[in-house]
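Undergrad: I am sharing my_file_9.txt, which consists of compact mmCIF, C-alpha atoms:
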```txt
# COMPACT_ATOMS: atom_id res chain seq x y z
CA MET A 1 5.07 57.56 127.88
CA ILE A 2 3.89 58.29 124.39
CA PRO A 3 2.66 61.85 124.09
CA ASN A 4 -0.89 62.15 122.91
CA ILE A 5 -0.42 63.82 119.55
CA PRO A 6 -3.70 64.71 117.87
CA PHE A 7 -4.18 62.99 114.49
CA LYS A 8 -3.61 65.34 111.61
CA PRO A 9 -4.71 64.12 108.23
CA LYS A 10 -2.00 64.33 105.58
CA PRO A 11 -2.64 66.89 102.90
CA ARG A 12 -4.46 65.18 100.06
CA GLY A 13 -2.54 64.33 96.90
CA ARG A 14 -3.31 66.18 93.72
CA THR A 15 -6.50 64.89 92.20
CA LEU A 16 -5.64 66.00 88.68
CA ARG A 17 -4.63 62.50 87.63
CA PRO A 18 -7.30 60.12 86.38
CA ARG A 19 -8.54 57.71 89.00
CA GLN A 20 -7.70 54.56 87.06
CA PRO A 21 -4.46 55.27 85.20
CA MET A 22 -3.55 51.60 84.87
CA PHE A 23 -4.79 48.38 83.23
CA HIS A 24 -3.51 44.91 84.04
CA ARG A 25 -4.67 41.52 82.73
CA VAL A 26 -3.42 37.94 82.55
CA PHE A 27 -5.12 35.74 79.94
CA GLU A 28 -4.78 32.78 77.60
CA ALA A 29 -3.54 33.85 74.13
CA ARG A 30 -6.67 33.27 72.04
CA LEU A 31 -8.11 35.58 69.37
CA ASP A 32 -11.48 35.88 71.17
CA ASN A 33 -9.73 36.76 74.45
CA VAL A 34 -7.73 39.45 72.65
CA ARG A 35 -11.04 40.98 71.48
CA THR A 36 -12.46 40.96 75.00
CA VAL A 37 -9.33 42.49 76.52
CA LEU A 38 -9.24 45.25 73.86
CA ASN A 39 -12.87 46.09 74.66
CA ASP A 40 -12.04 46.30 78.37
CA ILE A 41 -9.06 48.58 77.65
CA ARG A 42 -11.33 50.84 75.63
CA LYS A 43 -13.74 51.03 78.59
CA ARG A 44 -10.89 51.82 80.98
CA PHE A 45 -9.22 54.60 78.99
CA SER A 46 -11.93 56.12 76.78
CA GLY A 47 -12.86 59.55 78.08
CA ASP A 48 -9.34 59.77 79.45
CA VAL A 49 -7.45 59.69 76.12
CA SER A 50 -8.49 60.95 72.69
CA ASP A 51 -10.20 58.71 70.12
CA ASP A 52 -7.08 58.99 67.98
CA THR A 53 -4.76 57.76 70.76
CA MET A 54 -7.25 55.01 71.63
CA GLY A 55 -7.32 53.90 67.98
CA ARG A 56 -3.51 53.74 67.76
CA LEU A 57 -3.26 51.88 71.10
CA GLU A 58 -5.90 49.35 70.06
CA LEU A 59 -4.29 48.71 66.69
CA VAL A 60 -0.79 48.14 68.11
CA LEU A 61 -2.04 45.89 70.94
CA ALA A 62 -4.19 43.89 68.50
CA GLU A 63 -1.19 43.32 66.21
CA VAL A 64 1.09 42.23 69.09
CA MET A 65 -1.40 40.02 70.92
CA ASN A 66 -2.95 38.40 67.83
CA ASN A 67 0.59 37.55 66.79
CA VAL A 68 1.14 35.74 70.11
CA ALA A 69 -2.25 33.98 69.79
CA LYS A 70 -1.50 32.81 66.22
CA HIS A 71 2.21 31.98 66.39
CA GLY A 72 3.35 31.97 70.04
CA GLY A 73 2.14 28.41 70.59
CA GLU A 74 4.03 26.86 67.65
CA GLN A 75 6.37 24.62 69.67
CA ALA A 76 8.41 21.96 67.88
CA SER A 77 6.26 19.12 69.24
CA ALA A 78 2.77 20.63 69.50
CA PHE A 79 0.74 23.82 69.76
CA ILE A 80 0.88 24.97 73.37
CA ARG A 81 -1.22 28.05 73.97
CA PRO A 82 0.80 30.78 75.71
CA SER A 83 -0.40 32.99 78.53
CA ILE A 84 -0.16 36.77 78.08
CA HIS A 85 0.48 39.29 80.85
CA LEU A 86 -0.43 42.83 79.81
CA CYS A 87 0.10 46.06 81.71
CA ILE A 88 -0.68 49.60 80.49
CA VAL A 89 0.10 52.73 82.50
CA ARG A 90 -1.06 56.21 81.59
CA HIS A 91 1.73 58.80 81.80
CA GLU A 92 1.87 62.54 81.11
CA SER A 93 2.85 62.09 77.47
CA GLY A 94 1.39 58.74 76.52
CA LEU A 95 0.51 55.16 77.39
CA ALA A 96 3.34 52.86 78.45
CA CYS A 97 2.66 49.20 77.59
CA ALA A 98 4.40 46.03 78.77
CA ILE A 99 3.44 42.63 77.35
CA THR A 100 5.02 39.33 78.31
CA ASP A 101 4.16 35.80 77.16
CA ASP A 102 5.53 32.29 77.59
CA GLY A 103 5.31 31.37 73.89
CA VAL A 104 8.14 30.73 71.43
CA SER A 105 10.78 33.42 70.87
CA LEU A 106 9.83 36.36 68.71
CA PRO A 107 11.74 36.01 65.39
CA SER A 108 14.42 38.71 65.37
CA GLU A 109 13.37 39.99 61.92
CA CYS A 110 10.11 41.28 63.44
CA LEU A 111 12.05 43.99 65.24
CA LEU A 112 14.47 44.95 62.49
CA PRO A 113 13.61 48.34 61.05
CA ARG A 114 11.29 47.54 58.19
CA SER A 115 9.63 49.25 55.32
CA LEU A 116 6.26 48.52 53.81
CA PRO A 117 5.87 45.43 51.62
CA GLN A 118 6.33 46.40 47.96
CA ILE A 119 3.06 47.47 46.38
CA ASP A 120 2.86 45.63 43.08
CA GLN A 121 -0.58 45.96 41.52
CA GLY A 122 -0.19 42.55 39.90
CA ALA A 123 0.71 40.74 43.12
CA LEU A 124 -0.42 42.76 46.11
CA PRO A 125 0.86 41.58 49.50
CA GLU A 126 -1.86 40.25 51.81
CA GLY A 127 0.30 40.25 54.92
CA GLY A 128 3.52 41.60 56.37
CA PHE A 129 1.89 44.80 57.62
CA GLY A 130 1.59 43.98 61.33
CA TRP A 131 5.14 44.68 62.50
CA TYR A 132 5.39 47.68 60.20
CA LEU A 133 2.34 49.20 61.95
CA ILE A 134 3.72 48.34 65.40
CA GLN A 135 7.06 50.00 64.60
CA ASP A 136 5.39 53.00 62.97
CA LEU A 137 2.97 53.77 65.83
CA THR A 138 5.16 53.11 68.88
CA GLN A 139 8.01 54.86 70.68
CA ALA A 140 10.88 53.20 72.54
CA LEU A 141 9.99 49.69 71.30
CA CYS A 142 12.10 47.19 73.24
CA TYR A 143 12.19 43.38 73.26
CA TYR A 144 14.12 40.78 75.18
CA ARG A 145 13.73 37.15 76.19
CA GLU A 146 14.35 36.00 79.73
CA GLU A 147 14.21 32.30 80.52
CA ARG A 148 10.93 31.14 78.96
CA ARG A 149 9.20 34.47 78.50
CA ASN A 150 9.13 37.19 75.84
CA PHE A 151 9.17 40.78 77.13
CA LEU A 152 7.97 43.58 74.86
CA ALA A 153 7.60 47.21 75.95
CA PHE A 154 6.72 50.43 74.13
CA SER A 155 4.85 53.70 74.44
CA ILE A 156 1.95 55.12 72.48
CA PRO A 157 2.41 58.91 72.51
CA PHE A 158 -0.64 61.16 72.87
CA THR A 159 0.45 63.11 69.80
CA PRO A 160 0.95 60.82 66.78
CA GLU A 161 3.74 63.00 65.32
CA ALA A 162 5.96 62.01 68.25
CA ALA A 163 6.08 58.32 67.20
CA MET B 1 -20.45 33.81 59.93
CA PRO B 2 -19.83 37.53 59.38
CA LYS B 3 -23.09 39.46 58.97
CA LEU B 4 -23.43 40.99 55.51
CA THR B 5 -26.23 42.64 53.55
CA VAL B 6 -25.93 42.37 49.79
CA THR B 7 -27.85 44.89 47.65
CA PRO B 8 -27.62 44.54 43.87
CA ALA B 9 -28.10 47.63 41.69
CA GLU B 10 -28.06 47.91 37.90
CA ASP B 11 -24.34 48.49 37.46
CA HIS B 12 -22.89 47.57 40.85
CA LEU B 13 -23.35 45.42 43.92
CA THR B 14 -23.15 46.84 47.44
CA ILE B 15 -22.00 44.63 50.32
CA LEU B 16 -22.72 46.23 53.68
CA VAL B 17 -20.61 44.72 56.47
CA GLU B 18 -22.72 44.52 59.62
CA GLU B 19 -19.85 43.87 61.98
CA SER B 20 -18.14 46.41 64.23
CA ARG B 21 -14.74 44.67 64.08
CA LEU B 22 -12.84 43.30 61.08
CA ASP B 23 -9.99 41.61 62.94
CA ALA B 24 -7.96 38.41 63.15
CA ALA B 25 -10.84 36.60 64.88
CA ILE B 26 -13.09 36.97 61.82
CA SER B 27 -10.84 37.77 58.84
CA THR B 28 -10.64 34.26 57.29
CA ARG B 29 -14.41 33.68 57.36
CA PHE B 30 -14.97 37.24 56.11
CA LYS B 31 -12.58 36.72 53.19
CA ASP B 32 -14.13 33.36 52.21
CA ARG B 33 -17.72 34.64 52.40
CA ILE B 34 -17.08 37.85 50.41
CA ARG B 35 -15.03 35.95 47.82
CA GLU B 36 -18.01 33.65 47.23
CA ILE B 37 -20.23 36.67 46.64
CA VAL B 38 -17.88 38.55 44.30
CA MET B 39 -17.11 35.45 42.23
CA THR B 40 -20.69 35.41 40.95
CA SER B 41 -20.91 39.16 40.44
CA ARG B 42 -20.88 40.59 36.93
CA THR B 43 -20.57 44.21 38.05
CA ALA B 44 -18.34 46.42 40.21
CA VAL B 45 -18.56 45.66 43.92
CA ILE B 46 -18.77 48.33 46.64
CA LEU B 47 -17.75 47.19 50.11
CA ASP B 48 -19.59 49.44 52.56
CA MET B 49 -17.42 49.60 55.70
CA THR B 50 -19.51 52.20 57.58
CA ASN B 51 -20.15 49.91 60.57
CA ILE B 52 -16.55 48.78 61.04
CA GLU B 53 -15.10 50.67 63.99
CA PHE B 54 -11.89 48.67 64.18
CA MET B 55 -9.74 46.85 61.61
CA ASP B 56 -6.30 45.28 62.06
CA SER B 57 -3.75 44.02 59.51
CA SER B 58 -5.58 40.67 59.23
CA GLY B 59 -8.72 42.56 58.22
CA LEU B 60 -6.73 44.59 55.71
CA GLY B 61 -5.24 41.36 54.32
CA ALA B 62 -8.77 39.96 53.85
CA VAL B 63 -9.88 43.05 51.89
CA ILE B 64 -6.76 42.82 49.69
CA ALA B 65 -7.42 39.11 49.09
CA VAL B 66 -10.97 39.88 47.95
CA HIS B 67 -9.68 42.63 45.66
CA LYS B 68 -7.28 40.13 44.07
CA ALA B 69 -10.08 37.57 43.67
CA MET B 70 -12.32 39.93 41.69
CA PRO B 71 -13.10 38.18 38.41
CA GLY B 72 -12.51 39.56 34.94
CA GLY B 73 -10.61 42.69 35.91
CA ARG B 74 -13.61 44.06 37.83
CA VAL B 75 -12.75 46.30 40.73
CA LEU B 76 -13.52 46.27 44.43
CA GLU B 77 -14.40 49.75 45.63
CA LEU B 78 -14.59 50.80 49.28
CA ALA B 79 -16.99 53.19 50.98
CA GLY B 80 -17.59 54.67 54.44
CA LEU B 81 -14.18 54.22 56.05
CA THR B 82 -14.29 55.18 59.76
CA PRO B 83 -11.16 56.86 61.24
CA ASN B 84 -9.63 53.64 62.63
CA VAL B 85 -10.12 51.84 59.32
CA GLU B 86 -8.87 54.78 57.27
CA ARG B 87 -5.69 54.89 59.41
CA VAL B 88 -4.74 51.32 58.46
CA PHE B 89 -5.26 51.99 54.73
CA ARG B 90 -3.30 55.24 54.94
CA LEU B 91 -0.33 53.93 56.97
CA THR B 92 0.10 50.92 54.69
CA ARG B 93 -0.41 53.10 51.55
CA MET B 94 -3.22 50.77 50.50
CA ASP B 95 -5.34 53.90 50.10
CA THR B 96 -3.45 54.34 46.81
CA VAL B 97 -4.56 50.92 45.55
CA PHE B 98 -8.30 51.07 46.19
CA LYS B 99 -10.95 53.42 44.89
CA ILE B 100 -12.38 54.88 48.10
CA HIS B 101 -15.74 56.68 48.32
CA PRO B 102 -16.88 58.84 51.26
CA SER B 103 -20.08 56.75 51.58
CA ALA B 104 -22.18 54.16 49.76
CA GLN B 105 -24.85 56.83 49.37
CA ASN B 106 -22.28 58.93 47.53
CA VAL B 107 -21.67 56.08 45.09
CA GLN B 108 -25.42 55.76 44.38
CA GLU B 109 -25.67 59.46 43.61
CA LYS B 110 -22.60 59.49 41.40
CA ARG B 111 -23.81 56.52 39.41
CA ALA B 112 -27.43 57.69 39.18
```
Mind converting the file's structure to structure tokens?
TA:
Amino acid sequence: MIPNIPFKPKPRGRTLRPRQPMFHRVFEARLDNVRTVLNDIRKRFSGDVSDDTMGRLELVLAEVMNNVAKHGGEQASAFIRPSIHLCIVRHESGLACAITDDGVSLPSECLLPRSLPQIDQGALPEGGFGWYLIQDLTQALCYYREERRNFLAFSIPFTPEAA
Amino acid sequence: MPKLTVTPAEDHLTILVEESRLDAAISTRFKDRIREIVMTSRTAVILDMTNIEFMDSSGLGAVIAVHKAMPGGRVLELAGLTPNVERVFRLTRMDTVFKIHPSAQNVQEKRA
């Protein structure tokens, strides 16, 4: 016989953590979708992280995802729009981000330590800043390719000096 | 088409950008439209960025392209950079290339 043990509620977990510490989205890699997703991320985390952290997160994610939208579909035969899976988790010291896509491989030079394009007043560079910004603003940037997907992970620290 | 308000003054032209984002989705059209405007200008041009809450490297590239397209050695000056826009100029050291004013109002007063 099963003894009749009165139900005791478990002690409640700490409620110090924000209620929605995570963001997850799967979407087609298009520039307008990137805009929408960035707006939704802002809604999810604003109030929870500082404007400065939000600004750095939005800039890095825009650079990474716009890059997939613009170049990830450039297959040898045709342009095949990749699908992006994005996950952001709020931790004690920052926001951990994981982005995967089924586009073409990320060229290895994107991840080599880089400096700013040379500033020559006569011939100013109009591009080449994206990966510099990503490297400058992130911590623990890591990339690998597995089968047909790119995997990119990094953290955005709450204090910019830590990057 | 990016929303812009162009206000000519005696010695300069102010272009107020009425968009909250200057990003990859809009940067090419933005660049083409502003280039058209500055090509016909005979004065300095002030790009008022007060309304832009977010700019990425494509947006920065568009501003640099306009700067390079300025005719006859005239300069493109910037005004009203919000924190997210200022960050991109600072991190890429492009804040050393452009003349940056706190606000378009400030430019009016200085030139008055």
Undergrad: Using all atoms listed in the file, find which residues of chain A lie within 9 Å of chain B and jot them down as number ranges by chain.
TA: A: 30-32, 34-35, 52, 55-56, 58-60, 62-63, 66, 116-117, 119, 121-130, 132-133, 136
Undergrad: State, in Å with one decimal place, the distance from CA of Asp102 (chain A) to CA of Met22 (chain A).
TA: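 About the pair CA of Asp102 (chain A) and CA of Met22 (chain A): they are 22.5 Å apart.
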Undergrad: For a quick check of your reading of the model, name the residues lying within 6 Å of the coordinate (-16.8, 53.0, 56.3), counting only C-alpha atoms, and write them as a PyMOL selection string.
TA: chain B and resi 48-50+79-82
Undergrad: Write out as a list in words which residues come within 12 Å of Ser93 (chain A) when counting only C-alpha atoms, dropping same-chain ones fewer than 3 positions away.
TA: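 The residues satisfying every condition are Val49, Thr53, Val89, Arg90, Ala96, Gln139, Ser155, Ile156, Pro157, Phe158, Thr159, Pro160, Ala162 and Ala163 of chain A.
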Undergrad: Check which residues of region 43-74 of chain B sit at most 6 Å from region 10-20 of chain B using only C-alpha atoms, and return one row each with the closest pair of atoms and their distance in Å to one decimal, ordered by chain and rising number, as a Markdown table.
TA:
```
| residue | atom | partner | partner_atom | distance |
| --- | --- | --- | --- | --- |
| B:Thr43 | CA | B:His12 | CA | 5.0 |
| B:Ala44 | CA | B:His12 | CA | 4.7 |
| B:Val45 | CA | B:Leu13 | CA | 4.8 |
| B:Ile46 | CA | B:Thr14 | CA | 4.7 |
| B:Leu47 | CA | B:Ile15 | CA | 5.0 |
| B:Asp48 | CA | B:Leu16 | CA | 4.6 |
| B:Met49 | CA | B:Val17 | CA | 5.9 |
| B:Asn51 | CA | B:Ser20 | CA | 5.4 |
| B:Ile52 | CA | B:Ser20 | CA | 4.3 |
| B:Glu53 | CA | B:Ser20 | CA | 5.2 |
```
Undergrad: Could the residues in this selection be written to a file with C-alpha atoms, as an mmCIF file, in the frame of the given file?
TA:
```cif
data_model
loop_
_atom_site.group_PDB
_atom_site.id
_atom_site.type_symbol
_atom_site.label_atom_id
_atom_site.label_comp_id
_atom_site.auth_asym_id
_atom_site.auth_seq_id
_atom_site.Cartn_x
_atom_site.Cartn_y
_atom_site.Cartn_z
ATOM 1 C CA THR B 43 -20.570 44.210 38.050
ATOM 2 C CA ALA B 44 -18.340 46.420 40.210
ATOM 3 C CA VAL B 45 -18.560 45.660 43.920
ATOM 4 C CA ILE B 46 -18.770 48.330 46.640
ATOM 5 C CA LEU B 47 -17.750 47.190 50.110
ATOM 6 C CA ASP B 48 -19.590 49.440 52.560
ATOM 7 C CA MET B 49 -17.420 49.600 55.700
ATOM 8 C CA ASN B 51 -20.150 49.910 60.570
ATOM 9 C CA ILE B 52 -16.550 48.780 61.040
ATOM 10 C CA GLU B 53 -15.100 50.670 63.990
#
```
Undergrad: Could you tell me which of A:His24, A:His71, A:Lys43, A:His91 comes closest to Val104 (chain A) if we count only C-alpha atoms?
TA: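 Answer, going by the shortest atom-to-atom distance: A:His71.
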Undergrad: CA of Leu111 (chain A) and CA of Leu141 (chain A), how far apart in Å?
TA: 8.6 Å
Undergrad: To one decimal place, how far is CA of Lys70 (chain A) from CA of Cys87 (chain A) in Å?
TA: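 About the pair CA of Lys70 (chain A) and CA of Cys87 (chain A): they are 20.4 Å apart.
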Undergrad: For Ala69 (chain A), please output as a list in words all residues within 10 Å (counting all atoms listed in the file; exclusion window: fewer than 4 positions along the same chain).
TA: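 That gives Glu28, Ala29, Arg30, Leu31, Asp32, Asn33, Val34, Val64, Met65, Gly73, Glu74, Arg81, Pro82, Ser83, Ile84, Asp101 and Gly103 of chain A; Ala24 of chain B.
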Undergrad: Taking the structure in the block just given, could you write region 17-39 of chain A with N, CA and C atoms, as a compact mmCIF listing (two decimals), in the first residue's frame?
TA:
```txt
# COMPACT_ATOMS: atom_id res chain seq x y z
N ARG A 17 16.15 36.14 -11.37
CA ARG A 17 16.46 36.11 -12.79
C ARG A 17 15.29 36.70 -13.59
N PRO A 18 15.59 37.30 -14.75
CA PRO A 18 14.49 37.82 -15.56
C PRO A 18 13.62 36.66 -16.03
N ARG A 19 12.38 36.97 -16.32
CA ARG A 19 11.45 35.89 -16.67
C ARG A 19 11.71 35.32 -18.06
N GLN A 20 12.21 36.16 -18.96
CA GLN A 20 12.45 35.65 -20.32
C GLN A 20 13.92 35.84 -20.68
N PRO A 21 14.80 34.99 -20.15
CA PRO A 21 16.24 35.21 -20.37
C PRO A 21 16.73 34.70 -21.72
N MET A 22 15.82 34.26 -22.58
CA MET A 22 16.26 33.60 -23.81
C MET A 22 15.46 34.10 -25.02
N PHE A 23 16.13 34.05 -26.20
CA PHE A 23 15.44 34.40 -27.45
C PHE A 23 15.83 33.36 -28.49
N HIS A 24 14.85 32.83 -29.18
CA HIS A 24 15.14 31.84 -30.22
C HIS A 24 14.31 32.12 -31.46
N ARG A 25 14.92 32.02 -32.64
CA ARG A 25 14.17 32.30 -33.88
C ARG A 25 14.80 31.54 -35.04
N VAL A 26 13.95 31.03 -35.91
CA VAL A 26 14.39 30.41 -37.16
C VAL A 26 13.77 31.22 -38.29
N PHE A 27 14.58 31.69 -39.24
CA PHE A 27 14.01 32.53 -40.30
C PHE A 27 14.86 32.50 -41.57
N GLU A 28 14.22 32.88 -42.68
CA GLU A 28 14.90 32.94 -43.97
C GLU A 28 15.85 34.14 -43.97
N ALA A 29 17.09 33.94 -44.46
CA ALA A 29 18.11 35.00 -44.42
C ALA A 29 17.82 36.08 -45.45
N ARG A 30 16.99 37.04 -45.07
CA ARG A 30 16.69 38.20 -45.92
C ARG A 30 16.89 39.45 -45.09
N LEU A 31 17.33 40.56 -45.74
CA LEU A 31 17.63 41.78 -45.00
C LEU A 31 16.43 42.30 -44.21
N ASP A 32 15.22 42.19 -44.79
CA ASP A 32 14.04 42.69 -44.06
C ASP A 32 13.71 41.80 -42.87
N ASN A 33 13.96 40.48 -42.98
CA ASN A 33 13.75 39.60 -41.83
C ASN A 33 14.73 39.92 -40.71
N VAL A 34 15.98 40.25 -41.10
CA VAL A 34 17.00 40.58 -40.09
C VAL A 34 16.52 41.79 -39.28
N ARG A 35 15.97 42.80 -39.98
CA ARG A 35 15.43 43.98 -39.29
C ARG A 35 14.35 43.60 -38.28
N THR A 36 13.41 42.77 -38.73
CA THR A 36 12.30 42.36 -37.86
C THR A 36 12.81 41.63 -36.63
N VAL A 37 13.75 40.68 -36.86
CA VAL A 37 14.27 39.89 -35.75
C VAL A 37 15.02 40.80 -34.76
N LEU A 38 15.79 41.76 -35.26
CA LEU A 38 16.52 42.67 -34.37
C LEU A 38 15.55 43.50 -33.53
N ASN A 39 14.43 43.91 -34.14
CA ASN A 39 13.41 44.64 -33.38
C ASN A 39 12.81 43.78 -32.27
```
